[in-house]
>>> print(open('structure-v5.tsv').read())   # TSV, C-alpha atoms and all ligand atoms
chain	number	residue	atom	x	y	z
A	15	LEU	CA	28.57	-82.89	203.81
A	16	ASN	CA	31.90	-81.58	205.08
A	17	SER	CA	30.51	-79.24	207.72
A	18	PRO	CA	32.32	-79.49	211.06
A	19	VAL	CA	30.90	-81.96	213.57
A	20	HIS	CA	28.78	-79.84	215.89
A	21	LEU	CA	29.49	-80.84	219.51
A	22	SER	CA	29.25	-77.21	220.62
A	23	GLY	CA	25.83	-75.48	220.94
A	24	GLY	CA	22.84	-76.88	222.85
A	25	TYR	CA	20.96	-77.83	219.70
A	26	ALA	CA	18.12	-80.33	220.12
A	27	PRO	CA	18.18	-83.76	218.42
A	28	PRO	CA	16.35	-83.27	215.12
A	29	GLU	CA	15.40	-86.98	215.09
A	30	GLY	CA	12.90	-86.11	217.77
A	31	PHE	CA	11.15	-83.20	216.06
A	32	PRO	CA	7.41	-83.92	215.57
A	33	GLY	CA	7.19	-82.01	212.28
A	34	SER	CA	4.17	-83.71	210.72
A	35	GLU	CA	2.17	-83.73	213.95
A	36	LEU	CA	2.78	-80.02	214.43
A	37	ALA	CA	1.91	-79.37	210.78
A	38	GLU	CA	-1.47	-81.02	211.21
A	39	ILE	CA	-2.12	-79.19	214.45
A	40	ALA	CA	-1.17	-75.83	212.89
A	41	ARG	CA	-3.41	-76.47	209.90
A	42	GLU	CA	-6.40	-77.31	212.08
A	43	ILE	CA	-5.87	-74.24	214.29
A	44	LEU	CA	-5.43	-71.88	211.35
A	45	ARG	CA	-8.49	-73.27	209.59
A	46	ASN	CA	-10.81	-73.17	212.59
A	47	HIS	CA	-9.40	-70.67	215.10
A	48	ALA	CA	-7.63	-68.06	212.99
A	49	ALA	CA	-9.21	-65.13	214.81
A	50	GLU	CA	-7.49	-66.10	218.04
A	51	ALA	CA	-4.33	-67.69	216.61
A	52	LEU	CA	-3.39	-64.72	214.44
A	53	GLN	CA	-4.21	-62.06	217.02
A	54	TYR	CA	-1.97	-60.68	219.81
A	55	SER	CA	-1.96	-62.95	222.86
A	56	GLU	CA	-2.69	-61.81	226.43
A	57	LEU	CA	0.64	-60.60	227.80
A	58	GLU	CA	0.59	-63.21	230.56
A	59	GLY	CA	-0.09	-66.00	228.07
A	60	GLN	CA	-3.10	-68.18	227.29
A	61	VAL	CA	-4.87	-69.68	230.27
A	62	ALA	CA	-5.20	-73.17	228.73
A	63	LEU	CA	-1.44	-73.52	228.27
A	64	ARG	CA	-0.65	-71.96	231.66
A	65	THR	CA	-3.05	-74.44	233.27
A	66	ARG	CA	-1.31	-77.38	231.61
A	67	ILE	CA	2.12	-76.18	232.79
A	68	ALA	CA	0.79	-75.62	236.34
A	69	GLU	CA	-0.45	-79.24	236.37
A	70	TRP	CA	3.01	-80.51	235.37
A	71	LEU	CA	4.77	-78.40	238.00
A	72	SER	CA	2.37	-79.55	240.71
A	73	ALA	CA	2.80	-83.21	239.75
A	74	ASP	CA	6.58	-82.67	239.91
A	75	GLY	CA	6.48	-81.32	243.48
A	76	THR	CA	6.20	-77.55	242.97
A	77	PRO	CA	2.67	-76.48	243.92
A	78	ALA	CA	1.31	-74.22	241.13
A	79	THR	CA	-1.87	-72.80	239.61
A	80	PHE	CA	-2.26	-71.10	236.24
A	81	ARG	CA	-2.18	-67.72	238.02
A	82	ASP	CA	1.47	-68.32	239.06
A	83	VAL	CA	2.55	-69.29	235.54
A	84	ASN	CA	3.15	-66.81	232.71
A	85	ILE	CA	4.30	-67.49	229.17
A	86	VAL	CA	7.50	-66.07	227.69
A	87	THR	CA	9.35	-66.40	224.38
A	88	GLY	CA	11.89	-68.95	225.65
A	89	ALA	CA	13.92	-69.16	228.85
A	90	LYS	CA	16.46	-66.65	227.63
A	91	GLN	CA	13.74	-64.01	227.41
A	92	ALA	CA	12.86	-64.77	231.04
A	93	LEU	CA	16.51	-64.29	232.08
A	94	ASP	CA	16.60	-61.00	230.21
A	95	LEU	CA	13.37	-59.73	231.78
A	96	ALA	CA	14.36	-60.88	235.26
A	97	ALA	CA	17.79	-59.24	235.07
A	98	ARG	CA	16.23	-55.88	234.28
A	99	ALA	CA	13.30	-56.27	236.69
A	100	LEU	CA	15.30	-57.41	239.71
A	101	ALA	CA	18.47	-55.33	239.38
A	102	GLN	CA	19.85	-52.00	238.23
A	103	PRO	CA	23.12	-51.49	236.34
A	104	GLY	CA	25.95	-51.74	238.86
A	105	ASP	CA	24.10	-54.29	241.04
A	106	ALA	CA	25.35	-57.85	241.44
A	107	TRP	CA	24.03	-61.34	240.73
A	108	MET	CA	25.40	-64.51	242.31
A	109	SER	CA	25.88	-68.07	241.05
A	110	SER	CA	28.38	-70.87	241.05
A	111	GLU	CA	30.88	-71.09	238.19
A	112	PRO	CA	31.16	-72.52	235.60
A	113	THR	CA	27.64	-71.54	234.55
A	114	TYR	CA	25.47	-71.04	231.47
A	115	VAL	CA	27.22	-68.82	228.92
A	116	ASN	CA	24.08	-66.96	227.84
A	117	ALA	CA	23.17	-66.14	231.44
A	118	ILE	CA	26.62	-64.59	231.86
A	119	ARG	CA	26.14	-62.60	228.64
A	120	ILE	CA	22.57	-61.48	229.37
A	121	PHE	CA	23.38	-60.34	232.90
A	122	ARG	CA	26.56	-58.62	231.75
A	123	ARG	CA	24.64	-56.68	229.11
A	124	ALA	CA	22.18	-55.59	231.81
A	125	GLY	CA	25.20	-53.99	233.51
A	126	LEU	CA	25.38	-56.45	236.41
A	127	LYS	CA	28.45	-57.70	238.26
A	128	HIS	CA	28.97	-61.41	238.84
A	129	LEU	CA	29.71	-62.72	242.34
A	130	SER	CA	30.70	-66.34	241.97
A	131	VAL	CA	31.27	-69.38	244.15
A	132	SER	CA	32.36	-72.85	243.04
A	133	ASN	CA	30.48	-76.04	242.25
A	134	ASP	CA	31.39	-79.71	242.67
A	135	GLU	CA	29.86	-83.16	242.10
A	136	ASP	CA	26.81	-82.18	244.20
A	137	GLY	CA	26.24	-78.88	242.43
A	138	THR	CA	26.60	-75.34	243.72
A	139	ARG	CA	28.62	-74.98	246.96
A	140	VAL	CA	25.79	-73.51	248.97
A	141	ASP	CA	28.08	-73.25	252.01
A	142	GLU	CA	30.17	-70.76	250.01
A	143	ILE	CA	27.04	-68.77	249.13
A	144	GLU	CA	26.04	-68.73	252.77
A	145	GLU	CA	29.48	-67.55	253.90
A	146	ALA	CA	29.67	-64.85	251.23
A	147	LEU	CA	26.23	-63.48	252.07
A	148	ALA	CA	26.95	-63.51	255.81
A	149	ARG	CA	30.19	-61.64	255.18
A	150	MET	CA	28.44	-59.06	253.01
A	151	ALA	CA	25.63	-58.62	255.51
A	152	ARG	CA	28.16	-58.04	258.34
A	153	ALA	CA	30.15	-55.57	256.27
A	154	GLY	CA	27.01	-53.81	255.07
A	155	THR	CA	28.02	-54.23	251.40
A	156	PRO	CA	25.15	-54.37	248.89
A	157	MET	CA	23.73	-57.89	248.56
A	158	PRO	CA	23.26	-59.59	245.17
A	159	LYS	CA	19.82	-58.92	243.69
A	160	PHE	CA	19.28	-62.55	242.74
A	161	ILE	CA	20.94	-65.97	242.85
A	162	TYR	CA	21.02	-67.79	239.49
A	163	GLU	CA	20.87	-71.59	239.68
A	164	ILE	CA	20.59	-74.54	237.26
A	165	PRO	CA	19.88	-77.39	239.69
A	166	ASP	CA	19.29	-80.27	237.26
A	167	PHE	CA	21.79	-81.50	234.66
A	168	HIS	CA	23.63	-78.24	234.93
A	169	ASN	CA	24.97	-76.45	231.89
A	170	PRO	CA	27.90	-76.97	231.35
A	171	THR	CA	28.81	-79.57	234.02
A	172	GLY	CA	25.85	-81.96	233.65
A	173	ARG	CA	25.62	-82.31	237.43
A	174	VAL	CA	22.55	-82.48	239.67
A	175	MET	CA	22.34	-80.52	242.90
A	176	SER	CA	21.79	-82.70	245.98
A	177	ALA	CA	18.50	-82.46	247.90
A	178	SER	CA	20.21	-81.18	251.04
A	179	ARG	CA	21.90	-78.36	249.14
A	180	ARG	CA	18.58	-77.45	247.52
A	181	GLU	CA	16.94	-77.20	250.89
A	182	LYS	CA	19.84	-75.14	252.20
A	183	LEU	CA	19.89	-72.81	249.19
A	184	VAL	CA	16.20	-72.00	249.62
A	185	ALA	CA	16.72	-71.45	253.36
A	186	VAL	CA	19.63	-69.05	252.77
A	187	ALA	CA	17.76	-67.11	250.07
A	188	THR	CA	14.72	-66.90	252.35
A	189	LYS	CA	16.83	-65.65	255.25
A	190	TYR	CA	18.25	-62.76	253.21
A	191	GLU	CA	15.10	-62.33	251.04
A	192	ILE	CA	17.00	-62.76	247.78
A	193	PRO	CA	15.10	-64.28	244.81
A	194	ILE	CA	16.53	-67.47	243.29
A	195	LEU	CA	16.28	-67.46	239.49
A	196	GLU	CA	15.99	-71.19	238.80
A	197	ASP	CA	16.73	-72.04	235.15
A	198	ASN	CA	15.72	-75.62	234.59
A	199	PRO	CA	15.53	-76.67	230.94
A	200	TYR	CA	16.87	-80.21	231.46
A	201	ARG	CA	15.05	-81.34	234.60
A	202	TRP	CA	12.72	-83.71	232.76
A	203	LEU	CA	15.48	-85.16	230.52
A	204	ARG	CA	16.67	-87.88	232.90
A	205	TYR	CA	18.19	-91.13	231.52
A	206	ASP	CA	19.07	-92.92	234.78
A	207	GLY	CA	18.14	-92.80	238.44
A	208	SER	CA	15.31	-90.84	239.96
A	209	ALA	CA	14.44	-87.16	240.33
A	210	VAL	CA	15.73	-85.03	243.20
A	211	PRO	CA	12.95	-82.85	244.72
A	212	PRO	CA	12.67	-79.47	242.97
A	213	LEU	CA	13.70	-76.23	244.71
A	214	GLY	CA	9.99	-75.38	244.71
A	215	SER	CA	9.24	-78.23	247.11
A	216	PHE	CA	11.28	-76.47	249.85
A	217	ASP	CA	10.10	-72.97	249.01
A	218	LYS	CA	7.42	-72.03	251.56
A	219	ASP	CA	7.95	-68.28	251.29
A	220	ARG	CA	8.31	-68.47	247.53
A	221	TRP	CA	11.62	-66.82	246.79
A	222	VAL	CA	12.16	-69.10	243.77
A	223	ILE	CA	11.37	-67.70	240.33
A	224	GLY	CA	11.19	-70.84	238.19
A	225	VAL	CA	12.08	-70.57	234.51
A	226	GLY	CA	11.00	-73.36	232.15
A	227	THR	CA	11.18	-73.89	228.40
A	228	PHE	CA	9.76	-76.05	225.64
A	229	SER	CA	13.12	-75.94	223.84
A	230	LYS	CA	14.43	-79.25	225.18
A	231	ILE	CA	11.18	-81.13	225.77
A	232	LEU	CA	9.57	-80.22	222.43
A	233	THR	CA	11.64	-78.05	220.04
A	234	PRO	CA	13.70	-74.84	220.40
A	235	GLY	CA	12.37	-73.32	217.17
A	236	LEU	CA	8.94	-72.70	218.69
A	237	ARG	CA	10.60	-70.22	221.12
A	238	LEU	CA	8.25	-70.80	224.03
A	239	GLY	CA	8.88	-70.94	227.78
A	240	TRP	CA	7.39	-69.93	231.10
A	241	ILE	CA	8.06	-68.37	234.45
A	242	HIS	CA	6.53	-69.53	237.72
A	243	ALA	CA	6.65	-67.16	240.69
A	244	ARG	CA	4.93	-65.48	243.58
A	245	GLU	CA	2.55	-62.78	242.40
A	246	ASP	CA	4.68	-59.72	243.23
A	247	LEU	CA	7.83	-61.20	241.69
A	248	ARG	CA	5.96	-62.49	238.65
A	249	ARG	CA	4.36	-59.10	238.01
A	250	ARG	CA	7.67	-57.32	238.41
A	251	VAL	CA	9.38	-59.56	235.88
A	252	MET	CA	6.48	-59.53	233.41
A	253	SER	CA	6.19	-55.73	233.53
A	254	PHE	CA	9.35	-55.70	231.39
A	255	LYS	CA	7.80	-57.90	228.70
A	256	ALA	CA	6.77	-55.40	226.06
A	257	ASP	CA	6.48	-57.59	222.98
A	258	GLY	CA	2.71	-57.89	222.64
A	259	GLY	CA	2.71	-61.35	224.20
A	260	SER	CA	4.38	-64.52	222.95
A	261	SER	CA	2.97	-65.95	219.72
A	262	ALA	CA	-0.71	-66.92	220.11
A	263	LEU	CA	-0.45	-69.48	217.30
A	264	VAL	CA	2.53	-71.20	218.89
A	265	GLN	CA	0.87	-71.27	222.32
A	266	MET	CA	-2.23	-72.90	220.83
A	267	MET	CA	-0.13	-75.42	218.91
A	268	VAL	CA	1.84	-76.42	221.98
A	269	ARG	CA	-1.30	-76.66	224.11
A	270	GLU	CA	-2.91	-78.88	221.49
A	271	TYR	CA	0.21	-81.03	221.19
A	272	PHE	CA	0.03	-81.67	224.94
A	273	HIS	CA	-3.75	-82.12	224.92
A	274	GLU	CA	-3.89	-85.71	226.23
A	275	PRO	CA	-3.10	-86.07	229.95
A	276	ASP	CA	-0.23	-88.48	229.23
A	277	ALA	CA	1.18	-86.41	226.36
A	278	LEU	CA	4.15	-85.11	228.37
A	279	PRO	CA	5.35	-88.51	229.64
A	280	ARG	CA	4.96	-89.91	226.13
A	281	ARG	CA	6.94	-87.05	224.64
A	282	LEU	CA	9.64	-87.34	227.31
A	283	ASP	CA	9.87	-91.05	226.67
A	284	ARG	CA	10.61	-90.41	223.02
A	285	VAL	CA	13.13	-87.63	223.67
A	286	THR	CA	14.96	-89.46	226.45
A	287	THR	CA	15.19	-92.66	224.40
A	288	VAL	CA	16.99	-90.79	221.63
A	289	LEU	CA	19.20	-88.85	224.03
A	290	ARG	CA	20.10	-91.81	226.25
A	291	SER	CA	21.48	-93.73	223.29
A	292	LYS	CA	23.45	-90.67	222.19
A	293	ARG	CA	24.79	-90.16	225.70
A	294	ASP	CA	25.88	-93.81	225.77
A	295	ALA	CA	27.49	-93.51	222.34
A	296	MET	CA	29.47	-90.46	223.39
A	297	LEU	CA	30.55	-92.18	226.59
A	298	ARG	CA	31.86	-95.12	224.53
A	299	ALA	CA	33.63	-92.80	222.11
A	300	LEU	CA	35.24	-90.83	224.92
A	301	THR	CA	36.35	-93.97	226.74
A	302	THR	CA	37.86	-95.40	223.57
A	303	SER	CA	39.52	-92.22	222.32
A	304	LEU	CA	40.21	-89.90	225.23
A	305	GLY	CA	40.67	-92.28	228.16
A	306	THR	CA	44.32	-91.34	228.58
A	307	VAL	CA	44.05	-87.61	227.96
A	308	ALA	CA	40.86	-86.38	229.65
A	309	GLU	CA	38.56	-86.92	232.63
A	310	TRP	CA	34.78	-86.65	232.82
A	311	SER	CA	31.83	-88.07	234.68
A	312	ARG	CA	28.80	-89.59	233.04
A	313	PRO	CA	25.79	-87.23	233.12
A	314	ASP	CA	22.51	-88.90	234.13
A	315	GLY	CA	20.52	-86.47	231.97
A	316	GLY	CA	20.65	-83.26	229.96
A	317	TYR	CA	22.89	-82.65	226.94
A	318	TYR	CA	26.52	-82.32	228.08
A	319	PHE	CA	29.81	-83.93	229.02
A	320	TRP	CA	32.23	-81.63	230.85
A	321	LEU	CA	35.83	-82.72	230.22
A	322	SER	CA	39.00	-81.79	232.02
A	323	VAL	CA	42.20	-82.17	230.04
A	324	GLY	CA	45.81	-82.00	231.15
A	325	SER	CA	47.42	-78.70	232.02
A	326	GLY	CA	49.47	-78.65	228.83
A	327	VAL	CA	46.39	-77.72	226.80
A	328	ASP	CA	44.73	-74.35	226.34
A	329	THR	CA	41.27	-75.34	225.12
A	330	GLU	CA	40.42	-71.80	224.05
A	331	ALA	CA	43.38	-71.79	221.67
A	332	LEU	CA	42.58	-75.34	220.57
A	333	ALA	CA	38.94	-74.70	219.62
A	334	PRO	CA	39.48	-72.75	216.37
A	335	VAL	CA	42.25	-75.14	215.27
A	336	ALA	CA	40.04	-78.20	215.89
A	337	GLU	CA	37.19	-76.53	214.02
A	338	THR	CA	39.33	-76.13	210.90
A	339	ASP	CA	40.00	-79.82	211.23
A	340	GLY	CA	36.31	-80.71	211.42
A	341	VAL	CA	35.06	-80.62	215.02
A	342	GLN	CA	33.39	-77.78	216.92
A	343	PHE	CA	33.36	-77.68	220.72
A	344	TYR	CA	33.03	-74.94	223.33
A	345	PRO	CA	36.08	-74.25	225.51
A	346	GLY	CA	35.53	-74.09	229.27
A	347	SER	CA	36.44	-70.41	229.43
A	348	MET	CA	33.05	-69.51	227.92
A	349	TYR	CA	31.39	-70.60	231.15
A	350	TYR	CA	33.27	-68.24	233.45
A	351	SER	CA	32.98	-64.48	233.86
A	352	ALA	CA	36.78	-64.23	233.98
A	353	PRO	CA	38.19	-65.54	230.68
A	354	GLU	CA	41.43	-66.85	232.20
A	355	ARG	CA	39.48	-69.63	233.92
A	356	GLY	CA	38.25	-72.88	232.36
A	357	ARG	CA	41.13	-73.22	229.94
A	358	GLN	CA	41.63	-76.92	230.72
A	359	GLN	CA	37.94	-77.72	230.26
A	360	ILE	CA	35.78	-78.57	227.26
A	361	ARG	CA	32.02	-78.89	226.99
A	362	LEU	CA	30.74	-81.49	224.51
A	363	SER	CA	27.07	-81.78	223.58
A	364	PHE	CA	25.89	-85.23	222.54
A	365	ALA	CA	22.36	-84.09	221.65
A	366	HIS	CA	22.60	-82.76	218.14
A	367	GLU	CA	24.72	-84.89	215.81
A	368	PRO	CA	23.93	-88.40	214.55
A	369	ILE	CA	26.04	-91.02	216.35
A	370	ASP	CA	28.45	-91.74	213.47
A	371	ARG	CA	29.36	-88.07	213.09
A	372	MET	CA	29.68	-87.65	216.85
A	373	GLU	CA	32.18	-90.52	216.91
A	374	ARG	CA	34.13	-88.92	214.09
A	375	GLY	CA	34.19	-85.64	216.02
A	376	VAL	CA	35.60	-87.31	219.13
A	377	THR	CA	38.28	-89.03	217.05
A	378	ILE	CA	39.35	-85.68	215.56
A	379	LEU	CA	39.44	-84.18	219.04
A	380	ARG	CA	41.65	-87.04	220.16
A	381	SER	CA	44.21	-86.33	217.46
A	382	HIS	CA	44.55	-82.79	218.77
A	383	LEU	CA	44.69	-83.63	222.45
A	384	VAL	CA	47.09	-86.52	222.04
A	385	GLY	CA	49.33	-84.36	219.89
A	386	VAL	CA	49.55	-81.70	222.57
A	387	LEU	CA	49.57	-83.85	225.68
A	388	SER	CA	51.95	-86.63	224.74
A	389	PRO	CA	54.43	-85.29	222.20
A	390	ALA	CA	56.39	-88.09	220.59
B	401	LIG	C1	20.66	-73.40	231.25
B	401	LIG	C2	19.91	-73.02	230.04
B	401	LIG	N1	18.99	-72.05	230.10
B	401	LIG	C3	18.27	-71.69	229.02
B	401	LIG	C4	18.48	-72.28	227.78
B	401	LIG	C5	17.76	-71.79	226.56
B	401	LIG	O1	16.41	-71.79	226.68
B	401	LIG	P1	15.48	-71.17	225.54
B	401	LIG	O2	15.76	-71.93	224.28
B	401	LIG	O3	14.13	-71.44	226.08
B	401	LIG	O4	15.78	-69.71	225.41
B	401	LIG	C6	19.42	-73.30	227.67
B	401	LIG	C7	19.66	-73.93	226.36
B	401	LIG	O5	20.73	-74.32	226.01
B	401	LIG	C8	20.16	-73.66	228.81
B	401	LIG	O6	21.08	-74.61	228.76
>>> encode(input="structure-v5.tsv", output="structure tokens")
Amino acid sequence: LNSPVHLSGGYAPPEGFPGSELAEIAREILRNHAAEALQYSELEGQVALRTRIAEWLSADGTPATFRDVNIVTGAKQALDLAARALAQPGDAWMSSEPTYVNAIRIFRRAGLKHLSVSNDEDGTRVDEIEEALARMARAGTPMPKFIYEIPDFHNPTGRVMSASRREKLVAVATKYEIPILEDNPYRWLRYDGSAVPPLGSFDKDRWVIGVGTFSKILTPGLRLGWIHAREDLRRRVMSFKADGGSSALVQMMVREYFHEPDALPRRLDRVTTVLRSKRDAMLRALTTSLGTVAEWSRPDGGYYFWLSVGSGVDTEALAPVAETDGVQFYPGSMYYSAPERGRQQIRLSFAHEPIDRMERGVTILRSHLVGVLSPA
């Protein structure tokens, strides 16, 4: 009852979990198809599920067949495999900052160095990537082994990369033959406006390794995702997957859940309805409570608000204090490789908590920020 309000991790909204539907599906599969469901899966994943995913990607503007799509145990596994397949300890990866905390951690544990550029309202500053790569090429310094990118409803900033930057990013990666690791869990969680073409739609030579996940469109607990890539890149990444294949039962359940052709749009409708109202509720709460002490822009999709607070606050120091008082958030410093950055930023997730608790959390946060920023 008195647990802190959880505005921190990227937990999915439990209101949207299809527990009874999945229970029925699991029961039917276990009764009638136990031999397949309880066996090891093919390492590349089951063809029926890969075919369904390829259809979705193609409809979204990234041409795909089941052969290009392989199943993994969540997007984070794909990041882990790709880091080890594409780079050796001591090599570098490149992205804009702030960026996804677990990508930073996974790539750091693989022994990789981070080369970073900035991002703004239109996403990653591709001009900075282009300049950095040109400089490195001229100097003959080793190039990054891959470029990591979250183009849609970026974590943590919530921003969407513009179409022209997408086109440019693919062109630059193609020029230097550097794979782009595209991590896109939120692309289909859009609450306003219309979709920007995917990186894949510009990618004639196929330098994009797409990473997808069922965590945000269905549920994270199933631990299922996919990669989509050119054959040589896909094989290289998958050669590091040594876990006997992702769960056969879970693959069959997910495939069955998305059996009807309109199952994905129906599911997305349900998820986005829940999340849109939570996004709106958080926007109201922020406007009411934090209007004088913080700045943010409204995300059109995804899970997060990215707040900037005045320079009198150190959000990393504030986080544990606020948690004792009943609200958990992630300080901006988590989203940078260098911990001295991001100390005036806060990421808030509106996805997980019920609206009344979320409002309470924002009110508690206000008491801390107002106390620090406008001392009586
Ligand atoms: C950018 C990004 N990548 C990957 C993930 C996690 O994906 P998965 O649950 O499939 O490991 C998240 C979830 O928060 C995320 O925000």
>>> atom_distance(input="structure-v5.tsv", atom1="atom CA of A:Thr87", atom2="atom CA of A:Pro170")
22.5 Å
>>> atom_distance(input="structure-v5.tsv", atom1="atom CA of A:Glu35", atom2="atom CA of A:Arg290")
23.2 Å
>>> closest_residue(input="structure-v5.tsv", among="A:Leu129, A:Val285, A:Ala89, A:Val335", to="ligand LIG 401 (chain B)", atoms="all atoms listed in the file")
A:Ala89
>>> residues_around(input="structure-v5.tsv", residues="stretch 341-343 of chain A", least_positions_apart="2", cutoff="7 Å", atoms="all atoms listed in the file", output="PyMOL selection string")
chain A and resi 18-22+333+336-337+339+345+361-362+375+378-379
>>> residues_around(input="structure-v5.tsv", residues="A:Val386", least_positions_apart="6", cutoff="12 Å", atoms="all atoms listed in the file", output="list of chain:residue names")
A:Val307, A:Val323, A:Gly324, A:Ser325, A:Gly326, A:Val327, A:Asp328, A:Thr329, A:Ala331, A:Leu332, A:Leu379, A:Arg380
>>> closest_atom_pairs(input="structure-v5.tsv", of="chain A", to="ligand LIG 401 (chain B)", cutoff="6 Å", atoms="all atoms listed in the file", output="Markdown table")
| residue | atom | partner | partner_atom | distance |
| --- | --- | --- | --- | --- |
| A:Gly24 | CA | B:LIG401 | O5 | 4.6 |
| A:Gly88 | CA | B:LIG401 | O3 | 3.4 |
| A:Ala89 | CA | B:LIG401 | O3 | 3.6 |
| A:Lys90 | CA | B:LIG401 | O4 | 3.8 |
| A:Tyr114 | CA | B:LIG401 | C1 | 5.4 |
| A:Asn169 | CA | B:LIG401 | C1 | 5.3 |
| A:Asp197 | CA | B:LIG401 | N1 | 5.5 |
| A:Pro199 | CA | B:LIG401 | C2 | 5.8 |
| A:Thr227 | CA | B:LIG401 | O3 | 4.5 |
| A:Ser229 | CA | B:LIG401 | O2 | 4.8 |
| A:Pro234 | CA | B:LIG401 | O2 | 5.3 |
| A:Gly239 | CA | B:LIG401 | O3 | 5.5 |
>>> closest_residue(input="structure-v5.tsv", among="A:Ser55, A:Lys189, A:Gly356, A:Val251", to="A:Ala151", atoms="only C-alpha atoms")
A:Lys189
>>> atom_distance(input="structure-v5.tsv", atom1="atom CA of A:Trp107", atom2="atom CA of A:Phe121")
7.9 Å
>>> residues_around(input="structure-v5.tsv", residues="A:Gly259", least_positions_apart="5", cutoff="9 Å", atoms="all atoms listed in the file", output="PyMOL selection string")
chain A and resi 54-59+85-87
>>> write_last_selection(input="structure-v5.tsv", atoms="C-alpha atoms", output="short mmCIF file (atom, residue, chain, number, x, y, z; two decimals), in the coordinates of the input")
data_model
loop_
_atom_site.label_atom_id
_atom_site.label_comp_id
_atom_site.auth_asym_id
_atom_site.auth_seq_id
_atom_site.Cartn_x
_atom_site.Cartn_y
_atom_site.Cartn_z
CA TYR A 54 -1.97 -60.68 219.81
CA SER A 55 -1.96 -62.95 222.86
CA GLU A 56 -2.69 -61.81 226.43
CA LEU A 57 0.64 -60.60 227.80
CA GLU A 58 0.59 -63.21 230.56
CA GLY A 59 -0.09 -66.00 228.07
CA ILE A 85 4.30 -67.49 229.17
CA VAL A 86 7.50 -66.07 227.69
CA THR A 87 9.35 -66.40 224.38
#
>>> residues_around(input="structure-v5.tsv", residues="A:Glu144", least_positions_apart="6", cutoff="9 Å", atoms="only C-alpha atoms", output="number ranges by chain")
A: 182-183, 186-187
>>> closest_residue(input="structure-v5.tsv", among="A:Asp82, A:Glu29, A:Asp294, A:Asp74", to="A:Met252", atoms="all atoms listed in the file")
A:Asp82
>>> closest_residue(input="structure-v5.tsv", among="A:Ser110, A:Thr286, A:Thr233, A:Ser253", to="A:Leu95", atoms="all atoms listed in the file")
A:Ser253
>>> closest_residue(input="structure-v5.tsv", among="A:Leu203, A:Arg357, A:Glu245, A:Trp310", to="A:Ala26", atoms="all atoms listed in the file")
A:Leu203
>>> closest_residue(input="structure-v5.tsv", among="A:Ala277, A:Met266, A:Ile118, A:Leu126", to="A:Gln102", atoms="only C-alpha atoms")
A:Leu126
>>> residues_around(input="structure-v5.tsv", residues="A:Val268", least_positions_apart="6", cutoff="9 Å", atoms="all atoms listed in the file", output="NGL selection string")
:A and (36 or 39 or 63 or 228 or 232 or 236 or 238)
>>> residues_near_point(input="structure-v5.tsv", point="(11.3, -81.2, 245.0)", cutoff="10 Å", atoms="all atoms listed in the file", output="CSV table (one decimal) with C-alpha atoms, keeping the file's coordinate frame")
chain,number,residue,atom,x,y,z
A,71,LEU,CA,4.8,-78.4,238.0
A,74,ASP,CA,6.6,-82.7,239.9
A,75,GLY,CA,6.5,-81.3,243.5
A,76,THR,CA,6.2,-77.6,243.0
A,77,PRO,CA,2.7,-76.5,243.9
A,177,ALA,CA,18.5,-82.5,247.9
A,180,ARG,CA,18.6,-77.4,247.5
A,181,GLU,CA,16.9,-77.2,250.9
A,209,ALA,CA,14.4,-87.2,240.3
A,210,VAL,CA,15.7,-85.0,243.2
A,211,PRO,CA,13.0,-82.8,244.7
A,212,PRO,CA,12.7,-79.5,243.0
A,213,LEU,CA,13.7,-76.2,244.7
A,214,GLY,CA,10.0,-75.4,244.7
A,215,SER,CA,9.2,-78.2,247.1
A,216,PHE,CA,11.3,-76.5,249.8
A,217,ASP,CA,10.1,-73.0,249.0
